[in-house]
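Coordinates from target-v9.txt are shown below (compact mmCIF, C-alpha atoms).
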```
# COMPACT_ATOMS: atom_id res chain seq x y z
CA MET T 1261 75.14 19.67 91.00
CA PRO T 1262 72.86 20.20 88.02
CA PHE T 1263 74.13 23.30 86.33
CA GLU T 1264 72.84 24.24 82.93
CA ASP T 1265 75.15 26.08 80.62
CA PRO T 1266 74.43 29.80 80.75
CA SER T 1267 72.22 30.38 77.76
CA THR T 1268 73.68 33.54 76.38
CA THR T 1269 71.69 35.49 73.87
CA PRO T 1270 74.01 37.20 71.41
CA GLU T 1271 71.28 39.52 70.06
CA THR T 1272 71.06 41.45 73.30
CA THR T 1273 73.80 42.93 75.46
CA ASN T 1274 72.56 40.99 78.48
CA THR T 1275 74.11 37.81 79.79
CA GLU T 1276 71.71 35.28 81.24
CA ALA T 1277 71.81 32.05 83.16
CA THR T 1278 69.23 29.64 84.50
CA LEU T 1279 69.93 27.20 87.31
CA LYS T 1280 67.74 24.21 88.07
CA ILE T 1281 68.26 22.81 91.52
CA PRO T 1282 66.38 19.66 92.56
CA PHE T 1283 65.63 18.86 96.22
CA GLU T 1284 64.78 15.61 97.94
CA SER T 1285 61.28 16.79 98.75
CA VAL T 1286 58.83 19.54 97.95
CA ARG T 1287 59.04 20.67 101.56
CA HIS T 1288 62.80 21.17 101.38
CA ALA T 1289 62.54 22.97 98.06
CA GLU T 1290 59.90 25.24 99.56
CA ILE T 1291 62.08 26.06 102.55
CA ALA T 1292 65.07 26.87 100.34
CA TYR T 1293 62.81 28.93 98.10
CA ARG T 1294 61.56 31.05 100.97
CA VAL T 1295 65.00 31.40 102.55
CA LEU T 1296 66.73 32.46 99.35
CA LYS T 1297 63.95 34.69 98.05
CA VAL T 1298 64.35 37.22 100.87
CA ASP T 1299 67.58 38.79 99.65
CA GLU T 1300 67.57 41.21 96.79
CA GLU T 1301 70.59 41.62 94.57
CA PRO T 1302 72.75 44.60 95.55
CA ARG T 1303 71.76 47.57 93.42
CA ARG T 1304 75.26 48.21 92.11
CA ASN T 1305 75.51 44.66 90.85
CA PHE T 1306 73.16 45.27 87.88
CA VAL T 1307 71.86 41.72 88.07
CA LYS T 1308 68.24 40.68 88.04
CA LYS T 1309 67.45 37.47 89.83
CA GLU T 1310 64.18 35.58 89.69
CA ILE T 1311 63.50 32.47 91.71
CA VAL T 1312 60.65 30.13 90.81
CA LEU T 1313 59.56 27.06 92.71
CA LYS T 1314 58.47 24.13 90.51
CA GLU T 1315 57.53 21.13 92.62
CA ALA T 1316 60.77 19.99 94.23
CA THR T 1317 62.98 22.06 91.95
CA LEU T 1318 64.19 25.62 92.29
CA GLU T 1319 64.62 27.51 89.08
CA VAL T 1320 66.73 30.60 89.29
CA HIS T 1321 67.08 32.96 86.40
CA PHE T 1322 69.79 35.60 86.30
CA VAL T 1323 70.07 38.49 83.88
CA ALA T 1324 73.21 40.60 84.06
CA ASN T 1325 74.74 43.40 82.05
CA GLN T 1326 78.20 41.86 82.27
CA VAL T 1327 79.51 38.32 82.55
CA LYS T 1328 81.58 39.38 85.56
CA ASN T 1329 78.53 40.53 87.47
CA LEU T 1330 76.69 37.36 86.54
CA ARG T 1331 79.50 35.28 87.99
CA THR T 1332 79.46 37.28 91.23
CA ALA T 1333 75.70 36.88 91.58
CA ILE T 1334 75.79 33.15 90.89
CA THR T 1335 78.72 32.56 93.23
CA SER T 1336 77.00 34.31 96.11
CA PHE T 1337 73.75 32.54 95.34
CA PHE T 1338 75.51 29.18 95.52
CA GLU T 1339 77.16 30.04 98.81
CA ASN T 1340 73.79 30.81 100.35
CA LEU T 1341 72.12 27.79 98.73
CA LEU T 1342 74.77 25.39 100.00
CA LEU T 1343 74.58 26.81 103.50
CA CYS T 1344 70.79 26.54 103.50
CA ARG T 1345 71.01 22.96 102.26
CA GLU T 1346 73.61 22.03 104.84
CA THR T 1347 71.36 23.45 107.55
CA ILE T 1348 68.39 21.46 106.26
CA ASN T 1349 70.43 18.25 106.12
CA ASN T 1350 71.71 18.72 109.66
CA PHE T 1351 68.67 20.00 111.47
CA ASP T 1352 65.54 18.69 109.80
CA LEU T 1353 63.72 16.73 112.45
CA GLU T 1354 61.80 14.67 109.90
CA ASN T 1355 64.81 13.16 108.21
CA ALA T 1356 67.31 13.47 111.03
CA ARG T 1357 67.67 9.71 111.14
CA THR T 1358 68.02 9.03 107.45
CA LEU T 1359 70.52 11.73 106.54
CA THR T 1360 73.96 11.81 108.01
CA GLY T 1361 76.54 14.46 108.76
CA SER T 1362 77.45 17.52 106.82
CA ASN T 1363 77.44 15.99 103.35
CA THR T 1364 75.74 18.52 101.16
CA ALA T 1365 74.50 18.84 97.66
CA MET N 1101 58.65 31.46 129.63
CA VAL N 1102 60.56 32.38 126.54
CA CYS N 1103 63.33 30.15 125.28
CA SER N 1104 65.34 31.80 122.57
CA LEU N 1105 68.23 30.87 120.29
CA GLY N 1106 70.40 33.69 118.98
CA ILE N 1107 72.87 33.77 116.11
CA GLU N 1108 75.49 36.51 115.93
CA GLY N 1109 77.90 36.94 113.05
CA SER N 1110 78.26 40.61 112.20
CA ALA N 1111 82.06 40.74 112.37
CA ASN N 1112 84.85 38.20 112.89
CA LYS N 1113 83.07 36.28 115.64
CA ILE N 1114 80.37 33.71 115.01
CA GLY N 1115 78.39 32.80 118.09
CA ILE N 1116 75.27 30.91 119.12
CA GLY N 1117 73.52 31.46 122.42
CA ILE N 1118 70.46 29.98 124.08
CA ILE N 1119 68.66 31.67 126.95
CA ARG N 1120 65.50 30.71 128.84
CA ASP N 1121 63.89 33.39 130.95
CA GLY N 1122 67.19 35.08 131.68
CA GLU N 1123 68.90 31.80 132.47
CA VAL N 1124 71.97 31.22 130.31
CA LEU N 1125 71.76 27.74 128.77
CA ALA N 1126 74.50 27.98 126.17
CA ASN N 1127 76.94 30.49 124.76
CA VAL N 1128 79.39 29.18 122.19
CA ARG N 1129 81.64 31.18 119.90
CA LYS N 1130 84.41 30.91 117.34
CA THR N 1131 86.67 33.77 116.27
CA TYR N 1132 88.24 34.20 112.86
CA ILE N 1133 91.84 35.03 113.64
CA THR N 1134 94.06 36.48 110.93
CA PRO N 1135 97.88 36.49 110.91
CA PRO N 1136 99.68 39.42 112.60
CA GLY N 1137 99.56 42.55 110.46
CA GLU N 1138 96.39 41.49 108.68
CA GLY N 1139 92.80 42.45 109.32
CA PHE N 1140 89.73 40.38 108.56
CA LEU N 1141 88.02 40.87 105.22
CA PRO N 1142 84.30 40.31 104.56
CA LYS N 1143 84.57 37.38 102.13
CA GLU N 1144 87.10 35.37 104.13
CA THR N 1145 85.23 36.05 107.36
CA ALA N 1146 81.99 34.81 105.82
CA LYS N 1147 83.74 31.63 104.71
CA HIS N 1148 85.00 31.07 108.25
CA HIS N 1149 81.48 31.52 109.59
CA ARG N 1150 79.99 29.14 107.01
CA ASP N 1151 82.50 26.49 108.00
CA GLN N 1152 81.77 26.88 111.72
CA ILE N 1153 78.10 27.71 112.12
CA ILE N 1154 76.54 24.24 111.79
CA GLY N 1155 78.91 22.77 114.36
CA LEU N 1156 78.25 25.70 116.70
CA VAL N 1157 74.46 25.30 116.52
CA LYS N 1158 74.89 21.63 117.39
CA ALA N 1159 77.28 22.47 120.22
CA ALA N 1160 74.87 25.07 121.63
CA LEU N 1161 71.90 22.67 121.60
CA LYS N 1162 74.05 20.04 123.28
CA GLU N 1163 75.35 22.44 125.92
CA ALA N 1164 71.84 23.71 126.65
CA LYS N 1165 70.56 20.13 126.82
CA ILE N 1166 67.41 21.11 125.01
CA ASP N 1167 65.57 19.95 121.97
CA SER N 1168 64.54 22.28 119.17
CA HIS N 1169 60.86 21.80 120.22
CA GLU N 1170 61.55 23.71 123.41
CA LEU N 1171 62.55 26.90 121.59
CA ASP N 1172 60.05 29.73 121.22
CA VAL N 1173 61.93 32.00 118.86
CA ILE N 1174 64.99 32.08 116.60
CA CYS N 1175 66.92 35.37 116.61
CA TYR N 1176 69.71 36.62 114.37
CA THR N 1177 71.72 39.81 113.98
CA LYS N 1178 70.06 41.99 111.37
CA GLY N 1179 72.80 44.66 111.48
CA PRO N 1180 74.87 46.74 111.68
CA GLY N 1181 77.92 44.89 110.42
CA MET N 1182 79.62 43.47 107.36
CA ALA N 1183 77.04 42.09 104.91
CA PRO N 1184 78.67 38.76 103.92
CA PRO N 1185 79.17 37.48 107.49
CA LEU N 1186 75.74 38.82 108.52
CA MET N 1187 74.19 36.85 105.66
CA VAL N 1188 75.60 33.58 107.01
CA GLY N 1189 73.73 34.02 110.29
CA ALA N 1190 70.56 35.16 108.54
CA ILE N 1191 70.47 32.21 106.11
CA VAL N 1192 70.87 29.65 108.88
CA ALA N 1193 68.35 31.46 111.13
CA ARG N 1194 65.77 31.55 108.33
CA THR N 1195 66.28 27.90 107.50
CA LEU N 1196 65.99 26.83 111.14
CA SER N 1197 62.91 28.98 111.59
CA LEU N 1198 61.14 27.21 108.71
CA LEU N 1199 62.44 23.73 109.56
CA TRP N 1200 61.41 23.93 113.19
CA GLU N 1201 58.37 26.15 112.56
CA LYS N 1202 59.48 28.82 115.01
CA PRO N 1203 59.06 32.59 114.64
CA LEU N 1204 62.08 34.52 113.39
CA LEU N 1205 63.27 37.84 114.79
CA GLY N 1206 66.01 40.18 113.54
CA VAL N 1207 67.90 41.95 116.32
CA ASN N 1208 69.94 45.14 116.28
CA HIS N 1209 73.48 44.25 117.28
CA CYS N 1210 73.96 47.32 119.51
CA ILE N 1211 70.68 46.64 121.32
CA GLY N 1212 71.93 43.10 121.89
CA HIS N 1213 75.02 44.42 123.65
CA ILE N 1214 73.07 46.86 125.81
CA GLU N 1215 70.42 44.36 126.92
CA MET N 1216 72.99 41.65 127.62
CA GLY N 1217 74.98 44.08 129.77
CA ARG N 1218 71.89 45.12 131.71
CA GLN N 1219 70.85 41.52 132.21
CA ILE N 1220 74.23 40.36 133.52
CA THR N 1221 74.99 43.36 135.74
CA ASN N 1222 71.44 44.25 136.84
CA ALA N 1223 72.07 47.89 136.00
CA LYS N 1224 68.68 49.60 135.86
CA ASN N 1225 69.03 52.72 133.78
CA PRO N 1226 72.71 53.28 133.09
CA ILE N 1227 74.55 55.54 130.71
CA VAL N 1228 75.90 53.01 128.24
CA LEU N 1229 79.35 53.23 126.72
CA TYR N 1230 79.34 50.92 123.75
CA VAL N 1231 82.87 50.40 122.52
CA SER N 1232 83.88 47.79 119.96
CA GLY N 1233 85.74 47.27 116.71
CA GLY N 1234 82.93 48.82 114.71
CA ASN N 1235 81.13 51.13 117.11
CA THR N 1236 81.86 53.83 119.65
CA GLN N 1237 78.74 55.35 121.19
CA VAL N 1238 77.61 56.92 124.44
CA ILE N 1239 73.97 55.98 124.86
CA ALA N 1240 71.22 56.96 127.27
CA TYR N 1241 67.70 55.58 127.40
CA SER N 1242 64.85 58.00 127.11
CA ASN N 1243 61.24 57.59 126.09
CA LYS N 1244 61.38 54.16 124.43
CA ARG N 1245 64.64 54.70 122.54
CA TYR N 1246 68.30 54.20 123.23
CA ARG N 1247 69.52 57.63 122.25
CA ILE N 1248 73.03 58.26 121.02
CA PHE N 1249 74.53 61.11 123.02
CA GLY N 1250 77.96 60.99 121.49
CA GLU N 1251 79.86 58.81 119.09
CA THR N 1252 82.96 58.61 116.97
CA ILE N 1253 83.03 60.86 113.95
CA ASP N 1254 85.41 58.60 112.06
CA ILE N 1255 86.74 55.16 113.09
CA ALA N 1256 85.66 53.12 116.11
CA VAL N 1257 87.93 52.89 119.13
CA GLY N 1258 88.42 49.16 118.62
CA ASN N 1259 89.27 49.74 114.99
CA CYS N 1260 91.94 52.22 116.10
CA LEU N 1261 93.40 49.64 118.51
CA ASP N 1262 93.20 46.80 115.96
CA ARG N 1263 94.92 48.84 113.30
CA PHE N 1264 97.66 49.93 115.66
CA ALA N 1265 98.21 46.29 116.62
CA ARG N 1266 98.60 45.54 112.92
CA ILE N 1267 101.13 48.35 112.48
CA ILE N 1268 103.36 46.98 115.23
CA LYS N 1269 102.62 43.38 114.13
CA LEU N 1270 101.02 42.19 117.34
CA SER N 1271 99.22 38.86 117.29
CA ASN N 1272 95.45 38.82 116.67
CA ASP N 1273 95.12 35.86 119.02
CA PRO N 1274 93.00 35.97 121.15
CA SER N 1275 92.39 39.55 120.06
CA PRO N 1276 94.61 42.50 119.13
CA GLY N 1277 93.10 44.61 121.91
CA TYR N 1278 93.99 42.05 124.55
CA ASN N 1279 97.59 41.94 123.38
CA ILE N 1280 97.85 45.73 123.41
CA GLU N 1281 96.46 45.72 126.96
CA GLN N 1282 99.11 43.21 128.12
CA LEU N 1283 101.99 45.01 126.39
CA ALA N 1284 100.83 48.36 127.78
CA LYS N 1285 101.50 47.11 131.28
CA GLU N 1286 105.22 47.24 130.45
CA GLY N 1287 105.05 50.81 129.12
CA LYS N 1288 107.23 53.35 130.97
CA GLN N 1289 107.23 56.57 128.98
CA PHE N 1290 104.10 58.49 128.10
CA VAL N 1291 104.04 59.80 124.55
CA LYS N 1292 101.82 62.79 124.04
CA LEU N 1293 99.20 62.00 121.43
CA PRO N 1294 96.43 64.11 119.91
CA TYR N 1295 93.42 64.17 122.26
CA VAL N 1296 90.36 64.74 120.10
CA VAL N 1297 87.05 65.33 121.86
CA LYS N 1298 84.55 67.49 120.00
CA GLY N 1299 81.62 68.18 122.25
CA MET N 1300 80.07 64.79 122.89
CA ASP N 1301 81.91 63.19 119.99
CA VAL N 1302 85.36 61.69 119.65
CA SER N 1303 87.74 61.13 116.76
CA PHE N 1304 90.49 58.55 116.47
CA SER N 1305 91.76 58.58 112.91
CA GLY N 1306 94.15 61.54 113.30
CA LEU N 1307 95.47 60.02 116.48
CA LEU N 1308 96.09 56.74 114.65
CA SER N 1309 98.05 58.44 111.83
CA HIS N 1310 100.10 60.28 114.44
CA ILE N 1311 101.05 57.20 116.41
CA GLU N 1312 101.70 55.30 113.18
CA GLU N 1313 104.34 57.89 112.26
CA ILE N 1314 106.01 57.43 115.62
CA ALA N 1315 105.89 53.64 115.39
CA ASP N 1316 107.14 53.49 111.83
CA PRO N 1317 109.13 56.61 110.85
CA SER N 1318 109.39 55.39 107.26
CA LYS N 1319 105.68 56.17 106.88
CA ARG N 1320 106.28 59.79 107.80
CA ARG N 1321 105.06 62.24 105.24
CA ASN N 1322 107.59 64.79 104.09
CA LYS N 1323 105.57 67.82 105.03
CA ARG N 1324 106.26 67.26 108.67
CA LYS N 1325 109.90 66.26 108.34
CA LYS N 1326 111.89 67.21 111.35
CA ALA N 1327 115.42 68.62 111.30
CA GLU N 1328 117.95 65.85 110.85
CA ASP N 1329 119.81 66.62 114.04
CA ALA N 1330 116.74 66.92 116.25
CA GLU N 1331 117.03 64.28 118.95
CA GLU N 1332 114.02 62.04 119.03
CA PRO N 1333 113.37 59.95 122.08
CA GLU N 1334 113.21 56.24 121.50
CA TYR N 1335 109.85 54.77 122.34
CA THR N 1336 109.24 51.06 122.72
CA LYS N 1337 106.12 49.29 121.45
CA ALA N 1338 105.05 48.98 125.07
CA ASP N 1339 105.35 52.75 125.59
CA LEU N 1340 103.19 53.34 122.54
CA CYS N 1341 100.54 50.80 123.62
CA TYR N 1342 100.42 52.37 127.05
CA SER N 1343 100.16 55.91 125.72
CA LEU N 1344 97.55 54.95 123.14
CA GLN N 1345 95.34 53.28 125.75
CA GLU N 1346 95.67 56.11 128.26
CA THR N 1347 94.81 58.75 125.65
CA ILE N 1348 91.83 57.10 123.98
CA PHE N 1349 90.33 55.80 127.22
CA ALA N 1350 90.63 59.28 128.76
CA MET N 1351 88.63 60.61 125.83
CA LEU N 1352 85.94 57.97 126.38
CA VAL N 1353 85.78 58.65 130.12
CA GLU N 1354 85.37 62.36 129.43
CA ILE N 1355 82.36 62.00 127.14
CA THR N 1356 80.80 59.40 129.41
CA GLU N 1357 81.15 61.71 132.39
CA ARG N 1358 79.53 64.53 130.46
CA ALA N 1359 76.61 62.28 129.53
CA MET N 1360 76.21 61.32 133.21
CA ALA N 1361 76.13 64.96 134.25
CA HIS N 1362 73.67 65.78 131.52
CA CYS N 1363 71.28 62.94 132.36
CA GLU N 1364 71.84 63.18 136.11
CA SER N 1365 72.63 59.50 136.08
CA ASN N 1366 75.04 57.77 138.42
CA GLU N 1367 75.33 54.43 136.68
CA VAL N 1368 77.64 53.56 133.82
CA LEU N 1369 77.55 50.33 131.86
CA ILE N 1370 80.39 49.44 129.50
CA VAL N 1371 79.55 47.00 126.71
CA GLY N 1372 81.21 45.87 123.48
CA GLY N 1373 84.50 44.11 122.79
CA VAL N 1374 86.73 46.93 124.04
CA GLY N 1375 84.63 46.90 127.22
CA CYS N 1376 86.52 43.92 128.59
CA ASN N 1377 89.73 45.97 128.72
CA GLU N 1378 90.51 46.19 132.42
CA ARG N 1379 92.39 49.46 132.13
CA LEU N 1380 89.32 51.11 130.59
CA GLN N 1381 87.17 49.66 133.36
CA GLU N 1382 89.63 50.92 135.99
CA MET N 1383 89.71 54.46 134.58
CA MET N 1384 85.93 54.53 134.29
CA ARG N 1385 85.54 53.20 137.83
CA ILE N 1386 87.71 55.99 139.23
CA MET N 1387 85.60 58.59 137.45
CA CYS N 1388 82.35 56.97 138.66
CA GLU N 1389 83.51 56.75 142.25
CA GLU N 1390 84.58 60.40 142.24
CA ARG N 1391 81.04 61.28 141.25
CA GLY N 1392 79.48 58.90 143.76
CA GLY N 1393 78.31 56.66 140.95
CA LYS N 1394 78.72 53.03 140.07
CA LEU N 1395 80.35 51.21 137.19
CA PHE N 1396 78.89 48.07 135.64
CA ALA N 1397 80.96 45.93 133.33
CA THR N 1398 81.05 42.33 132.16
CA ASP N 1399 83.79 39.92 131.17
CA GLU N 1400 84.73 38.69 127.72
CA ARG N 1401 81.97 36.03 127.59
CA TYR N 1402 79.30 38.73 127.40
CA CYS N 1403 81.29 41.80 126.29
CA ILE N 1404 82.74 40.40 123.11
CA ASP N 1405 80.19 39.66 120.38
CA ASN N 1406 78.19 36.57 121.26
CA GLY N 1407 75.02 34.78 120.26
CA LEU N 1408 73.59 34.96 123.74
CA MET N 1409 73.09 38.71 123.59
CA ILE N 1410 71.08 38.31 120.38
CA ALA N 1411 69.03 35.52 121.99
CA HIS N 1412 68.40 37.67 125.06
CA ALA N 1413 67.50 40.91 123.27
CA GLY N 1414 65.32 38.88 120.89
CA ALA N 1415 63.56 37.21 123.83
CA GLU N 1416 62.83 40.63 125.36
CA MET N 1417 61.43 41.85 122.05
CA PHE N 1418 59.40 38.66 121.62
CA LYS N 1419 57.93 38.88 125.12
CA SER N 1420 56.83 42.46 124.52
CA GLY N 1421 54.99 41.39 121.38
CA THR N 1422 57.43 42.26 118.60
CA ARG N 1423 56.99 40.05 115.54
CA MET N 1424 58.65 40.08 112.16
CA ASP N 1425 57.39 38.89 108.79
CA PHE N 1426 59.58 36.22 107.28
CA GLU N 1427 59.96 38.36 104.15
CA ASP N 1428 61.58 41.07 106.28
CA SER N 1429 64.39 38.83 107.45
CA PHE N 1430 67.05 40.58 105.39
CA VAL N 1431 70.26 42.03 106.77
CA THR N 1432 71.38 45.63 106.71
CA GLN N 1433 74.91 46.99 107.05
CA ARG N 1434 73.65 50.23 108.58
CA TYR N 1435 71.20 50.02 111.45
CA ARG N 1436 71.40 52.76 114.08
CA THR N 1437 70.82 52.04 117.74
CA ASP N 1438 68.08 54.67 117.96
CA GLU N 1439 66.07 53.17 115.09
CA VAL N 1440 64.74 50.46 117.41
CA LEU N 1441 61.60 51.14 119.41
CA VAL N 1442 62.26 49.75 122.88
CA THR N 1443 58.94 48.03 123.52
CA TRP N 1444 60.21 45.96 126.45
CA ARG N 1445 61.03 48.79 128.86
CA ASP N 1446 58.33 50.61 130.79
CA ASP N 1447 60.41 53.39 132.35
```
Would you mind writing the file's structure down as C-alpha cells?
Amino acid sequence: MPFEDPSTTPETTNTEATLKIPFESVRHAEIAYRVLKVDEEPRRNFVKKEIVLKEATLEVHFVANQVKNLRTAITSFFENLLLCRETINNFDLENARTLTGSNTA
Amino acid sequence: MVCSLGIEGSANKIGIGIIRDGEVLANVRKTYITPPGEGFLPKETAKHHRDQIIGLVKAALKEAKIDSHELDVICYTKGPGMAPPLMVGAIVARTLSLLWEKPLLGVNHCIGHIEMGRQITNAKNPIVLYVSGGNTQVIAYSNKRYRIFGETIDIAVGNCLDRFARIIKLSNDPSPGYNIEQLAKEGKQFVKLPYVVKGMDVSFSGLLSHIEEIADPSKRRNKRKKAEDAEEPEYTKADLCYSLQETIFAMLVEITERAMAHCESNEVLIVGGVGCNERLQEMMRIMCEERGGKLFATDERYCIDNGLMIAHAGAEMFKSGTRMDFEDSFVTQRYRTDEVLVTWRDD
C-alpha cells in the first residue's frame, strides 16, 4: 500500500496528510473516486478531506486540527477504500476472469 | 418487470435479498452475535459486516440463479441505523451500481419492513406495529405517507428486551428476544411492573430499571431501600421474562387497538424483529379477534432485518418512478418513517 509520510507543517497548528492510491485501471480509479467522494467527514471530526482523481491514481488530502482526528479520518477512509476495492475485485465483470478471490490491495 | 437487489446492514444483521416482481429469488443473512451480557457496538458490527458482505452478495446471486445483467436496480438501507454498519452496505451498493451500471436507490429501513410485511401477508391497508431493537412505532397510512401514530418516547421495545437479556446473562444466539420468549414459557409468578402508556406513546426505560433492580438487587439505589426484615418473594429468571413480556406486549396491544379505533381499521400488521415473537402475535390476535379484525404477521425470515425487504421496497419505489442521484447515496442515522413520500400507493 503506497502510503506517503504525513507531511506535517510545523508553522501551522494543522496536521496534514496526503495519500496516493494507484489502481489497475482508470475505470477502477474512477469508480473508487465516485464511491468515496459521496461521504462528507462528520462535522465534529474537524477534518477536511479532499479527493482528487489523477489518471489511475486517487489523491486524498486530509487537514486536521489534531493528530488524533487525522488518524480517525484516515482509518475510516481506508476501511471504506478497502471494501470498495474488494467489491471491485470480486464483482467486476470485465476482469472477473483475470482476478481471483478476495485478495485486496 | 423489476429485478432488484437489496442490501441491509443498519444494525447487527447484514443481509442481501433479490426479488423479481414480487417473487423471492434470494434472501441471505448473517448476524453478528456477541457473548452473553454484551451488546453490539458500531465499530465491531461494521467489521463483521465488512467480513461477510462480499460472500453474501455472491451467495445471493447464486441462490437467485441470476446474472448481474438481469438486475434493474441496486438498493441499500439509507437509514435509520448505526452509521458505521450502514456505511458498509452503502459502499458496496455504490460500487456495484457503478461496476454493473445499474441505478442506485437508498431505502428507508422502516418502509422496507412495512412493504415487506404487506407483500408477504397481502394486508391491504393495515395499522402497522413496527417493533424492533431500534424502533417502536404504530403507523397508519394516509395520503401518501406512513404516519406515526404513536411511538416510544425513550428506548425501543427490542432494546428493552435485549438489555434485560444482558442483565440476566442470556445468550444472544440466535437472538436475545428469542431466548427470553423460550424462558418465559417456564414463568409461573407474575411480577407487577410499571405499565407506561402515555396517550399513543409508550415508555420502557423506567420499566427496565425497575426489573433490573429485581433481577440484581445489588444494583438497587439506596433511596428506595426496603426495610431489612421485609420479606421479598423470590422470582426466577423465567418469572421475570414472563412478566416483562406480558407487560410490554400489553402496552403495545393497547396503543395498537387505539390506533385501530381511531382509523376505523380492522387489520393489524406486525413487522420488525420483535414481531416474530409468538406471544406478542398471540396477544395481538386475541385483541384483533375481539374487535372482529384480522392480524397479519410474518416469520423470522421477513420480520427480522433482511436484504429482501430493502430490495422489495426499492423495487416499488423504482417502479413508481423514484430515482436518486449517485451523489445523494449517503447514509443517515436519523430518517423518520414519515419523511418518505409513498409514490407507489394509489389509495
| task | Name all residues at most 9 Å from Glu1339 (chain T) (count all atoms listed in the file; drop same-chain ones fewer than 4 positions away) and give them as a list in words. | result |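 Near Glu1339 (chain T), the qualifying residues are Ile1334, Thr1335, Leu1343 and Cys1344 of chain T; Lys1147 and Arg1150 of chain N.
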| task | Give the answer as one residue: which of T:Val1320, T:Leu1296, T:Ala1333, T:Leu1313 has the shortest atom-to-atom distance to chain N, using all atoms listed in the file? | result |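 Between T:Val1320, T:Leu1296, T:Ala1333, T:Leu1313, the residue approaching chain N most closely is T:Leu1296.
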Write out as a Markdown table the residues of chain T that have any atom within 7 Å of an atom of chain N, one row each with the nearest atom pair and its distance in Å to one decimal, counting all atoms listed in the file, sorted by chain and then rising number.
```
| residue | atom | partner | partner_atom | distance |
| --- | --- | --- | --- | --- |
| T:Ile1291 | CA | N:Leu1198 | CA | 6.3 |
| T:Val1295 | CA | N:Arg1194 | CA | 5.8 |
| T:Val1298 | CA | N:Glu1427 | CA | 5.6 |
| T:Asp1299 | CA | N:Phe1430 | CA | 6.0 |
| T:Asn1340 | CA | N:Ile1191 | CA | 6.8 |
| T:Leu1343 | CA | N:Arg1150 | CA | 6.9 |
| T:Cys1344 | CA | N:Thr1195 | CA | 6.2 |
| T:Thr1347 | CA | N:Val1192 | CA | 6.4 |
| T:Ile1348 | CA | N:Thr1195 | CA | 6.9 |
| T:Asp1352 | CA | N:Leu1199 | CA | 5.9 |
```
| remark: Of N:Glu1201, N:Glu1346, N:Asp1316, N:Glu1170, the one nearest to Glu1334 (chain N) when counting all atoms listed in the file is N:Asp1316
| request: Figure out the distance between CA of Ala1223 (chain N) and CA of Ala1361 (chain N), please, to one decimal in Å. | output: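 Taking CA of Ala1361 (chain N) as the start and CA of Ala1223 (chain N) as the end point, the length is 17.6 Å.
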| field | Separation of CA of Gly1234 (chain N) from CA of Leu1141 (chain N), in Å and rounded to one decimal | value |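 According to the coordinates, CA of Gly1234 (chain N) and CA of Leu1141 (chain N) are separated by 13.4 Å.
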| query | What is the CA of Cys1376 (chain N) to CA of Ile1404 (chain N) distance in Å? | reply |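 Separation between CA of Cys1376 (chain N) and CA of Ile1404 (chain N): 7.5 Å.
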| Near Asp1405 (chain N), counting all atoms listed in the file, which residues have an atom at most 9 Å away, once you skip same-chain residues fewer than 5 positions from it, shown as a list of chain:residue names? | N:Glu1108, N:Gly1109, N:Ser1110, N:Ala1111, N:Asn1112, N:Lys1113, N:Ile1114, N:Gly1115, N:Arg1129, N:His1209, N:His1213, N:Ser1232, N:Gly1372, N:Gly1373, N:Glu1400
| task | Please return, as a list of chain:residue names, all polymer residues that have at least one atom within 10 Å of the point (77.9, 42.2, 100.6); use all atoms listed in the file and the file's own coordinate frame. | result |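 The residues near that point, listed by chain and number, are T:Glu1301, T:Pro1302, T:Ser1336, N:Pro1142, N:Lys1143, N:Ala1146, N:Met1182, N:Ala1183, N:Pro1184, N:Pro1185, N:Leu1186, N:Met1187, N:Val1431, N:Thr1432, N:Gln1433.
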| Residue contacts of Phe1283 (chain T) (8 Å, all atoms listed in the file) excluding same-chain residues fewer than 5 positions away, as a PyMOL selection string | chain T and resi 1288-1289+1316-1318
| For the point (97.9, 47.7, 115.2) in file coordinates, what residues are within 9 Å, counting all atoms listed in the file? Give the answer as a PyMOL selection string? | chain N and resi 1136-1137+1259-1270+1276-1277+1280+1312
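The nearest approach to Gln1326 (chain T) among the residues T:Glu1346, T:Glu1284, T:Glu1354, T:Glu1276, with only C-alpha atoms taken into account, belongs to T:Glu1276.
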| Non-local contacts of Val1368 (chain N) (7 Å; all atoms listed in the file; under 5 positions in same chain excluded) as an NGL selection string | :N and (1226-1228 or 1394-1396)
Go ahead and write the selection's residues with C-alpha atoms as an mmCIF file, keeping the file's coordinate frame.
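As a result, part_7.cif now contains:
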```
data_model
loop_
_atom_site.group_PDB
_atom_site.id
_atom_site.type_symbol
_atom_site.label_atom_id
_atom_site.label_comp_id
_atom_site.auth_asym_id
_atom_site.auth_seq_id
_atom_site.Cartn_x
_atom_site.Cartn_y
_atom_site.Cartn_z
ATOM 1 C CA PRO N 1226 72.710 53.280 133.090
ATOM 2 C CA ILE N 1227 74.550 55.540 130.710
ATOM 3 C CA VAL N 1228 75.900 53.010 128.240
ATOM 4 C CA LYS N 1394 78.720 53.030 140.070
ATOM 5 C CA LEU N 1395 80.350 51.210 137.190
ATOM 6 C CA PHE N 1396 78.890 48.070 135.640
#
```
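For Ser1420 (chain N), the list of residues within 10 Å, based on only C-alpha atoms and with local chain neighbours fewer than 5 positions off taken out, reads Gly1414, Ala1415, Val1442, Thr1443, Trp1444 and Arg1445 of chain N.
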For those residues, write C-alpha atoms to a file as a PDB file, in the coordinates of the input.
```pdb
ATOM      1  CA  GLY N1414      65.320  38.880 120.890  1.00  0.00           C
ATOM      2  CA  ALA N1415      63.560  37.210 123.830  1.00  0.00           C
ATOM      3  CA  VAL N1442      62.260  49.750 122.880  1.00  0.00           C
ATOM      4  CA  THR N1443      58.940  48.030 123.520  1.00  0.00           C
ATOM      5  CA  TRP N1444      60.210  45.960 126.450  1.00  0.00           C
ATOM      6  CA  ARG N1445      61.030  48.790 128.860  1.00  0.00           C
TER       7      ARG N1445
END
```
